[in-house]
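This is work-v3.tsv (TSV, C-alpha atoms and all ligand atoms).
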```
chain	number	residue	atom	x	y	z
E	1	MET	CA	87.89	72.69	76.34
E	2	ARG	CA	87.09	69.92	78.81
E	3	ASP	CA	83.64	69.60	80.36
E	4	ALA	CA	82.15	67.58	83.23
E	5	ASP	CA	81.64	64.63	80.91
E	6	PHE	CA	85.41	64.49	80.19
E	7	PHE	CA	86.15	64.23	83.91
E	8	ARG	CA	83.43	61.59	84.37
E	9	GLN	CA	85.08	59.61	81.57
E	10	TRP	CA	88.47	60.01	83.28
E	11	MET	CA	87.07	58.61	86.53
E	12	ALA	CA	85.38	55.73	84.67
E	13	ALA	CA	88.64	54.92	82.84
E	14	ALA	CA	90.54	55.10	86.14
E	15	ALA	CA	88.02	52.73	87.73
E	16	ALA	CA	88.42	50.29	84.83
E	17	ALA	CA	92.24	50.44	85.09
E	18	VAL	CA	92.17	49.88	88.85
E	19	GLU	CA	89.85	46.93	88.38
E	20	ARG	CA	92.09	45.46	85.67
E	21	GLU	CA	95.28	45.93	87.71
E	22	ALA	CA	93.91	45.34	91.23
E	23	ASP	CA	95.69	42.03	91.70
E	24	ARG	CA	99.01	43.52	90.60
E	25	LEU	CA	98.59	46.52	92.93
E	26	THR	CA	97.87	44.20	95.84
E	27	GLU	CA	100.86	42.01	94.94
E	28	LEU	CA	103.12	45.08	94.94
E	29	ASP	CA	101.71	46.03	98.35
E	30	SER	CA	102.50	42.60	99.75
E	31	PRO	CA	106.34	42.66	100.24
E	32	ILE	CA	106.42	46.31	101.43
E	33	GLY	CA	102.92	46.80	102.81
E	34	ASP	CA	99.82	44.96	103.92
E	35	ALA	CA	98.58	43.63	100.58
E	36	ASP	CA	95.48	45.79	100.32
E	37	HIS	CA	96.27	48.54	97.80
E	38	GLY	CA	94.38	46.92	94.92
E	39	SER	CA	91.34	46.08	97.01
E	40	ASN	CA	91.41	49.52	98.66
E	41	LEU	CA	91.36	51.33	95.33
E	42	MET	CA	88.87	48.96	93.76
E	43	ARG	CA	86.40	49.61	96.58
E	44	GLY	CA	87.02	53.35	96.24
E	45	PHE	CA	86.71	53.65	92.48
E	46	THR	CA	83.68	51.36	92.34
E	47	ALA	CA	82.02	53.76	94.78
E	48	VAL	CA	83.21	56.76	92.73
E	49	ARG	CA	81.63	55.34	89.59
E	50	ALA	CA	78.37	54.64	91.43
E	51	ALA	CA	78.28	58.14	92.99
E	52	LEU	CA	78.93	59.85	89.64
E	53	ASP	CA	76.26	57.72	87.91
E	54	ALA	CA	73.68	58.30	90.64
E	55	ASP	CA	73.92	62.09	90.58
E	56	PRO	CA	76.21	63.35	87.78
E	57	PRO	CA	77.63	66.78	88.67
E	58	ASP	CA	77.52	69.33	85.86
E	59	THR	CA	80.93	70.95	86.31
E	60	PRO	CA	84.49	69.55	86.21
E	61	ALA	CA	84.99	70.68	89.81
E	62	GLY	CA	81.78	68.96	90.90
E	63	VAL	CA	82.90	65.67	89.37
E	64	LEU	CA	86.37	65.73	90.95
E	65	GLN	CA	85.15	66.89	94.33
E	66	LEU	CA	82.48	64.19	94.52
E	67	ALA	CA	85.05	61.59	93.42
E	68	GLY	CA	87.54	62.83	96.03
E	69	ARG	CA	84.97	62.84	98.84
E	70	THR	CA	83.91	59.34	97.88
E	71	LEU	CA	87.50	58.05	97.95
E	72	ILE	CA	88.07	59.57	101.38
E	73	SER	CA	84.93	57.97	102.78
E	74	THR	CA	85.34	54.52	101.23
E	75	VAL	CA	89.08	53.72	101.05
E	76	GLY	CA	90.66	52.47	104.22
E	77	GLY	CA	94.37	53.09	104.33
E	78	ALA	CA	96.71	55.93	103.53
E	79	SER	CA	95.89	56.10	99.84
E	80	GLY	CA	92.22	57.09	100.36
E	81	PRO	CA	92.79	60.48	101.98
E	82	LEU	CA	95.79	61.12	99.69
E	83	TYR	CA	93.95	60.41	96.42
E	84	GLY	CA	90.84	62.04	97.83
E	85	THR	CA	92.84	65.18	98.53
E	86	LEU	CA	94.40	65.08	95.06
E	87	LEU	CA	90.97	65.08	93.40
E	88	ARG	CA	89.24	67.50	95.79
E	89	ARG	CA	92.03	70.05	95.56
E	90	THR	CA	92.30	69.71	91.80
E	91	GLY	CA	88.53	70.21	91.58
E	92	LYS	CA	88.61	73.23	93.85
E	93	GLU	CA	91.24	74.87	91.63
E	94	LEU	CA	88.98	74.47	88.59
E	95	GLY	CA	86.32	76.73	90.13
E	96	GLN	CA	82.72	76.74	88.91
E	97	ALA	CA	83.37	76.82	85.15
E	98	ALA	CA	81.40	74.40	82.94
E	99	ASP	CA	84.42	74.04	80.62
E	100	VAL	CA	88.11	74.28	81.43
E	101	SER	CA	91.21	74.45	79.24
E	102	ASP	CA	94.06	71.95	79.28
E	103	GLU	CA	96.19	74.67	80.85
E	104	ASP	CA	93.58	74.99	83.65
E	105	VAL	CA	93.75	71.21	84.12
E	106	ARG	CA	97.56	71.31	84.31
E	107	LYS	CA	97.59	74.09	86.91
E	108	ALA	CA	94.83	72.45	88.94
E	109	LEU	CA	96.57	69.07	89.01
E	110	ASP	CA	99.78	70.81	90.02
E	111	ALA	CA	97.94	72.29	93.03
E	112	GLY	CA	96.37	68.90	93.74
E	113	VAL	CA	99.76	67.20	93.84
E	114	SER	CA	101.12	69.92	96.15
E	115	ALA	CA	98.20	69.25	98.49
E	116	VAL	CA	99.08	65.53	98.54
E	117	ALA	CA	102.69	66.40	99.41
E	118	GLN	CA	101.50	68.69	102.19
E	119	LEU	CA	99.05	66.17	103.65
E	120	GLY	CA	101.47	63.24	103.59
E	121	GLY	CA	104.66	65.16	104.29
E	122	ALA	CA	106.44	63.29	101.49
E	123	ALA	CA	108.67	64.50	98.67
E	124	PRO	CA	109.90	62.84	95.47
E	125	GLY	CA	112.49	60.19	96.36
E	126	ASP	CA	110.57	58.97	99.43
E	127	LYS	CA	109.12	56.02	97.45
E	128	THR	CA	105.48	57.09	97.41
E	129	MET	CA	102.81	58.05	94.88
E	130	LEU	CA	104.59	61.42	94.56
E	131	ASP	CA	107.41	59.69	92.65
E	132	ALA	CA	104.91	59.18	89.82
E	133	LEU	CA	102.64	62.21	90.35
E	134	VAL	CA	105.33	64.89	90.46
E	135	PRO	CA	107.16	63.99	87.21
E	136	GLY	CA	103.82	63.10	85.61
E	137	VAL	CA	102.22	66.46	86.28
E	138	ALA	CA	105.46	68.27	85.34
E	139	ALA	CA	105.28	66.61	81.90
E	140	LEU	CA	101.69	67.84	81.36
E	141	ASP	CA	103.14	70.97	79.76
E	142	THR	CA	104.20	68.67	76.91
E	143	SER	CA	101.10	66.45	76.60
E	144	TYR	CA	98.77	64.11	78.47
E	145	ARG	CA	100.60	61.16	76.92
E	146	ALA	CA	103.99	62.53	78.04
E	147	ALA	CA	102.57	62.88	81.55
E	148	ALA	CA	101.44	59.24	81.57
E	149	GLU	CA	104.84	58.09	80.35
E	150	ALA	CA	106.74	60.19	82.88
E	151	ALA	CA	104.55	58.82	85.69
E	152	GLU	CA	105.17	55.27	84.51
E	153	ARG	CA	108.94	55.89	84.48
E	154	GLY	CA	108.67	57.47	87.93
E	155	ALA	CA	106.85	54.42	89.28
E	156	GLY	CA	109.55	52.13	87.85
E	157	ALA	CA	112.25	54.32	89.39
E	158	THR	CA	110.88	53.65	92.90
E	159	VAL	CA	112.34	50.11	92.84
E	160	PRO	CA	115.84	50.99	94.14
E	161	LEU	CA	114.55	53.57	96.64
E	162	GLN	CA	114.24	53.08	100.38
E	163	ALA	CA	110.79	54.10	101.62
E	164	ARG	CA	110.76	57.11	103.93
E	165	LYS	CA	106.98	57.55	104.31
E	166	GLY	CA	104.01	55.30	104.87
E	167	ARG	CA	103.83	51.70	105.93
E	168	ALA	CA	106.76	50.63	103.69
E	169	SER	CA	109.10	52.91	105.66
E	170	TYR	CA	108.76	50.59	108.68
E	171	LEU	CA	110.83	48.07	106.69
E	172	GLY	CA	113.84	50.38	106.40
E	173	GLU	CA	116.38	48.98	103.94
E	174	ARG	CA	114.19	45.96	103.29
E	175	SER	CA	111.86	48.23	101.30
E	176	ILE	CA	114.59	48.50	98.63
E	177	GLY	CA	114.09	46.40	95.48
E	178	HIS	CA	110.29	46.65	95.24
E	179	GLN	CA	108.13	48.97	93.17
E	180	ASP	CA	105.86	51.25	95.20
E	181	PRO	CA	102.18	50.32	94.80
E	182	GLY	CA	100.91	53.89	95.15
E	183	ALA	CA	103.32	55.20	92.50
E	184	THR	CA	102.05	52.38	90.27
E	185	SER	CA	98.39	53.30	90.76
E	186	SER	CA	99.22	56.99	90.19
E	187	ALA	CA	100.70	56.04	86.81
E	188	LEU	CA	97.43	54.22	86.03
E	189	LEU	CA	95.42	57.36	86.86
E	190	LEU	CA	97.51	59.50	84.53
E	191	ALA	CA	97.37	56.84	81.80
E	192	ALA	CA	93.57	56.85	82.12
E	193	LEU	CA	93.61	60.65	81.73
E	194	ALA	CA	95.76	60.40	78.61
E	195	ASP	CA	93.48	57.74	77.12
E	196	VAL	CA	90.41	59.89	77.66
E	197	ALA	CA	92.13	63.03	76.37
E	198	ASN	CA	93.59	61.46	73.21
E	199	GLY	CA	91.71	58.24	72.68
E	200	PRO	CA	93.56	54.99	73.47
E	201	LEU	CA	96.84	54.25	71.66
S	301	LIG	P1	98.13	51.58	103.50
S	301	LIG	O1	99.60	51.86	103.39
S	301	LIG	O2	97.50	52.33	104.62
S	301	LIG	O3	97.84	50.11	103.51
S	301	LIG	P2	97.50	51.63	100.68
S	301	LIG	O4	98.10	50.27	100.64
S	301	LIG	O5	96.17	51.77	100.04
S	301	LIG	O6	97.43	52.18	102.17
S	301	LIG	O7	98.47	52.67	99.95
S	301	LIG	C1	99.86	52.60	100.08
S	301	LIG	C2	100.50	53.67	99.21
S	301	LIG	O8	100.19	54.96	99.73
S	301	LIG	C3	102.01	53.60	99.18
S	301	LIG	O9	102.47	52.71	98.18
S	301	LIG	C4	102.42	55.03	98.89
S	301	LIG	O10	102.53	55.26	97.50
S	301	LIG	C5	101.25	55.84	99.41
S	301	LIG	N1	101.61	56.58	100.60
S	301	LIG	C6	101.67	56.13	101.87
S	301	LIG	N2	102.03	57.11	102.71
S	301	LIG	C7	102.22	58.23	101.94
S	301	LIG	C8	102.59	59.60	102.21
S	301	LIG	N3	102.83	60.02	103.45
S	301	LIG	N4	102.66	60.45	101.17
S	301	LIG	C9	102.39	60.04	99.91
S	301	LIG	N5	102.02	58.77	99.60
S	301	LIG	C10	101.95	57.88	100.59
S	302	MG	MG	98.39	48.79	102.01
```
Using structure tokens, write down the structure that the file contains.
Amino acid sequence: MRDADFFRQWMAAAAAAVEREADRLTELDSPIGDADHGSNLMRGFTAVRAALDADPPDTPAGVLQLAGRTLISTVGGASGPLYGTLLRRTGKELGQAADVSDEDVRKALDAGVSAVAQLGGAAPGDKTMLDALVPGVAALDTSYRAAAEAAERGAGATVPLQARKGRASYLGERSIGHQDPGATSSALLLAALADVANGPL
């Protein structure tokens, strides 16, 4: 079973990964965006870590909902509301339990990803974070590590795609040949989850 502390550790590991990879995320956002994805997420996850440390919630839902609210209020740009929605909706699905099963986590993340698709109007193949999140969460029925690997493959597979949503879509065919920054950060989030669930490789 997974308790609030597990989800706090996930958010701390995600914050560390975003910090480590911020320059790369911003570089990916430079040819097909406005070169702010790394700094956007760093600001957001730094605030998430501070909010969770200041007043640690005692349920999984409380942790994810506070993290999601914090991302929405601190991240400028499309990714803030989208990641905020992912975490808030996932948290909501977990209810008020103090401990949740891995099957609960899988179902809740599945609902969270659907909420992201609904908010952004995107589907897999549109060259967005959903190209990592959808295959990643689908692979959760195998393992957390399989989910991280599927998300990483999904992020890599955005390179040949033409963007149909978000800022990159303004470039039309010129968006082809670049990896999507949001799919890349989504793979980092699922890798952080796998690390916390299994211990690092
Ligand atoms: P902005 O595009 O406002 O500068 P960011 O640079 O922080 O915001 O995030 C860009 C990422 O957001 C993209 O790489 C893409 O993965 C994701 N994104 C943008 N629009 C959508 C959407 N409608 N649905 C899903 N993801 C999206
Ligand atoms: Mg950007």
Problem set entry | Closest of E:Ala4, E:Val159, E:Ala97, E:Ala17 to Leu66 in chain E - atom-to-atom distances counting all atoms listed in the file | E:Ala4
Sorted by chain and rising residue number, list the residues of chain E at most 7 Å from ligand LIG 301 (chain S) (counting all atoms listed in the file), each with its closest atom pair and distance in Å to one decimal, as a Markdown table.
```
| residue | atom | partner | partner_atom | distance |
| --- | --- | --- | --- | --- |
| E:Asp29 | CA | S:LIG301 | O4 | 6.0 |
| E:Gly33 | CA | S:LIG301 | O1 | 6.1 |
| E:Asp34 | CA | S:LIG301 | O3 | 5.5 |
| E:Ala35 | CA | S:LIG301 | O4 | 6.7 |
| E:Asp36 | CA | S:LIG301 | O4 | 5.2 |
| E:His37 | CA | S:LIG301 | O4 | 3.8 |
| E:Asn40 | CA | S:LIG301 | O5 | 5.4 |
| E:Leu41 | CA | S:LIG301 | O5 | 6.7 |
| E:Gly76 | CA | S:LIG301 | O2 | 6.9 |
| E:Gly77 | CA | S:LIG301 | O2 | 3.2 |
| E:Ala78 | CA | S:LIG301 | O2 | 3.8 |
| E:Ser79 | CA | S:LIG301 | O7 | 4.3 |
| E:Gly80 | CA | S:LIG301 | O5 | 6.6 |
| E:Leu82 | CA | S:LIG301 | N5 | 6.7 |
| E:Val116 | CA | S:LIG301 | C9 | 6.6 |
| E:Ala117 | CA | S:LIG301 | N4 | 6.2 |
| E:Gly120 | CA | S:LIG301 | N3 | 3.5 |
| E:Gly121 | CA | S:LIG301 | N3 | 5.5 |
| E:Ala122 | CA | S:LIG301 | N4 | 4.7 |
| E:Lys127 | CA | S:LIG301 | O10 | 6.6 |
| E:Thr128 | CA | S:LIG301 | O10 | 3.5 |
| E:Met129 | CA | S:LIG301 | O10 | 3.8 |
| E:Leu130 | CA | S:LIG301 | C9 | 5.9 |
| E:Lys165 | CA | S:LIG301 | N3 | 4.9 |
| E:Gly166 | CA | S:LIG301 | N2 | 3.4 |
| E:Arg167 | CA | S:LIG301 | O1 | 4.9 |
| E:Asp180 | CA | S:LIG301 | O9 | 4.7 |
| E:Pro181 | CA | S:LIG301 | O9 | 4.1 |
| E:Gly182 | CA | S:LIG301 | O10 | 3.2 |
| E:Ala183 | CA | S:LIG301 | O10 | 5.1 |
```
Exercise. Quick one, how far is CA of Gly156 in chain E from CA of Ser169 in chain E?
Worked result: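 Computed distance, CA of Gly156 in chain E to CA of Ser169 in chain E, equals 17.8 Å.
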Problem set entry | Which residue of E:Asp99, E:Asp195, E:Asp53, E:Asp131 approaches Arg145 in chain E most closely, using all atoms listed in the file |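 Under the stated criterion, the closest residue is E:Asp195.
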Problem set entry | Exercise: Val18 in chain E partners within 12 Å, all atoms listed in the file, chain neighbours under 3 positions left out, as a PyMOL selection string | chain E and resi 11-15+21-26+37-46+48-49+181-182+184-192
Exercise. Between E:Ala132, E:Leu28, E:Ala148, E:Ile72, which one has atoms that come closest to ligand MG 302 (chain S), using only C-alpha atoms and all ligand atoms?
Worked result: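 Distance minimum relative to ligand MG 302 (chain S) lands on E:Leu28.
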For this session: Name the residues in contact with Lys92 in chain E at a cut-off of 12 Å, using only C-alpha atoms, excluding same-chain residues fewer than 3 positions from it; report them as a VMD selection string.
Result: chain E and resid 59 to 66 68 85 to 89 95 to 97 104 to 105 107 to 109 111 to 112 115
Seminar exercise, completed: Expressed in Å, the length from CA of Thr90 in chain E to CA of Ala51 in chain E is 18.2 Å
Using the atoms already present, construct N, CA, C and O atoms for range 111-128 of chain E and hand them back as a compact mmCIF listing (two decimals), keeping the file's coordinate frame.
```
# COMPACT_ATOMS: atom_id res chain seq x y z
N ALA E 111 98.37 71.93 91.67
CA ALA E 111 97.94 72.29 93.03
C ALA E 111 97.50 71.05 93.79
O ALA E 111 97.77 70.90 95.00
N GLY E 112 96.82 70.14 93.10
CA GLY E 112 96.37 68.90 93.74
C GLY E 112 97.54 68.08 94.24
O GLY E 112 97.52 67.54 95.36
N VAL E 113 98.58 67.97 93.44
CA VAL E 113 99.76 67.20 93.84
C VAL E 113 100.47 67.88 95.01
O VAL E 113 100.93 67.21 95.95
N SER E 114 100.52 69.21 95.00
CA SER E 114 101.12 69.92 96.15
C SER E 114 100.33 69.63 97.43
O SER E 114 100.92 69.49 98.51
N ALA E 115 99.02 69.54 97.31
CA ALA E 115 98.20 69.25 98.49
C ALA E 115 98.48 67.84 99.01
O ALA E 115 98.48 67.60 100.23
N VAL E 116 98.73 66.90 98.12
CA VAL E 116 99.08 65.53 98.54
C VAL E 116 100.42 65.55 99.29
O VAL E 116 100.56 64.92 100.34
N ALA E 117 101.38 66.31 98.76
CA ALA E 117 102.69 66.40 99.41
C ALA E 117 102.55 67.02 100.81
O ALA E 117 103.19 66.58 101.77
N GLN E 118 101.69 68.02 100.91
CA GLN E 118 101.50 68.69 102.19
C GLN E 118 100.82 67.76 103.20
O GLN E 118 101.24 67.66 104.35
N LEU E 119 99.78 67.06 102.74
CA LEU E 119 99.05 66.17 103.65
C LEU E 119 99.94 65.03 104.15
O LEU E 119 99.95 64.71 105.33
N GLY E 120 100.70 64.42 103.23
CA GLY E 120 101.47 63.24 103.59
C GLY E 120 102.88 63.54 104.05
O GLY E 120 103.58 62.65 104.53
N GLY E 121 103.32 64.78 103.87
CA GLY E 121 104.66 65.16 104.29
C GLY E 121 105.76 64.47 103.50
O GLY E 121 106.88 64.36 103.96
N ALA E 122 105.44 64.01 102.30
CA ALA E 122 106.44 63.29 101.49
C ALA E 122 106.93 64.18 100.35
O ALA E 122 106.27 65.15 99.96
N ALA E 123 108.09 63.82 99.81
CA ALA E 123 108.67 64.50 98.67
C ALA E 123 109.12 63.43 97.68
O ALA E 123 109.27 62.26 98.06
N PRO E 124 109.37 63.82 96.41
CA PRO E 124 109.90 62.84 95.47
C PRO E 124 111.18 62.21 96.03
O PRO E 124 111.99 62.90 96.66
N GLY E 125 111.34 60.92 95.82
CA GLY E 125 112.49 60.19 96.36
C GLY E 125 112.16 59.41 97.62
O GLY E 125 112.95 58.58 98.05
N ASP E 126 110.98 59.67 98.21
CA ASP E 126 110.57 58.97 99.43
C ASP E 126 109.89 57.64 99.14
O ASP E 126 109.45 56.95 100.05
N LYS E 127 109.77 57.28 97.86
CA LYS E 127 109.12 56.02 97.45
C LYS E 127 107.63 56.03 97.80
O LYS E 127 107.13 55.19 98.57
N THR E 128 106.94 57.01 97.24
CA THR E 128 105.48 57.09 97.41
C THR E 128 104.86 57.44 96.05
O THR E 128 105.56 57.61 95.06
```
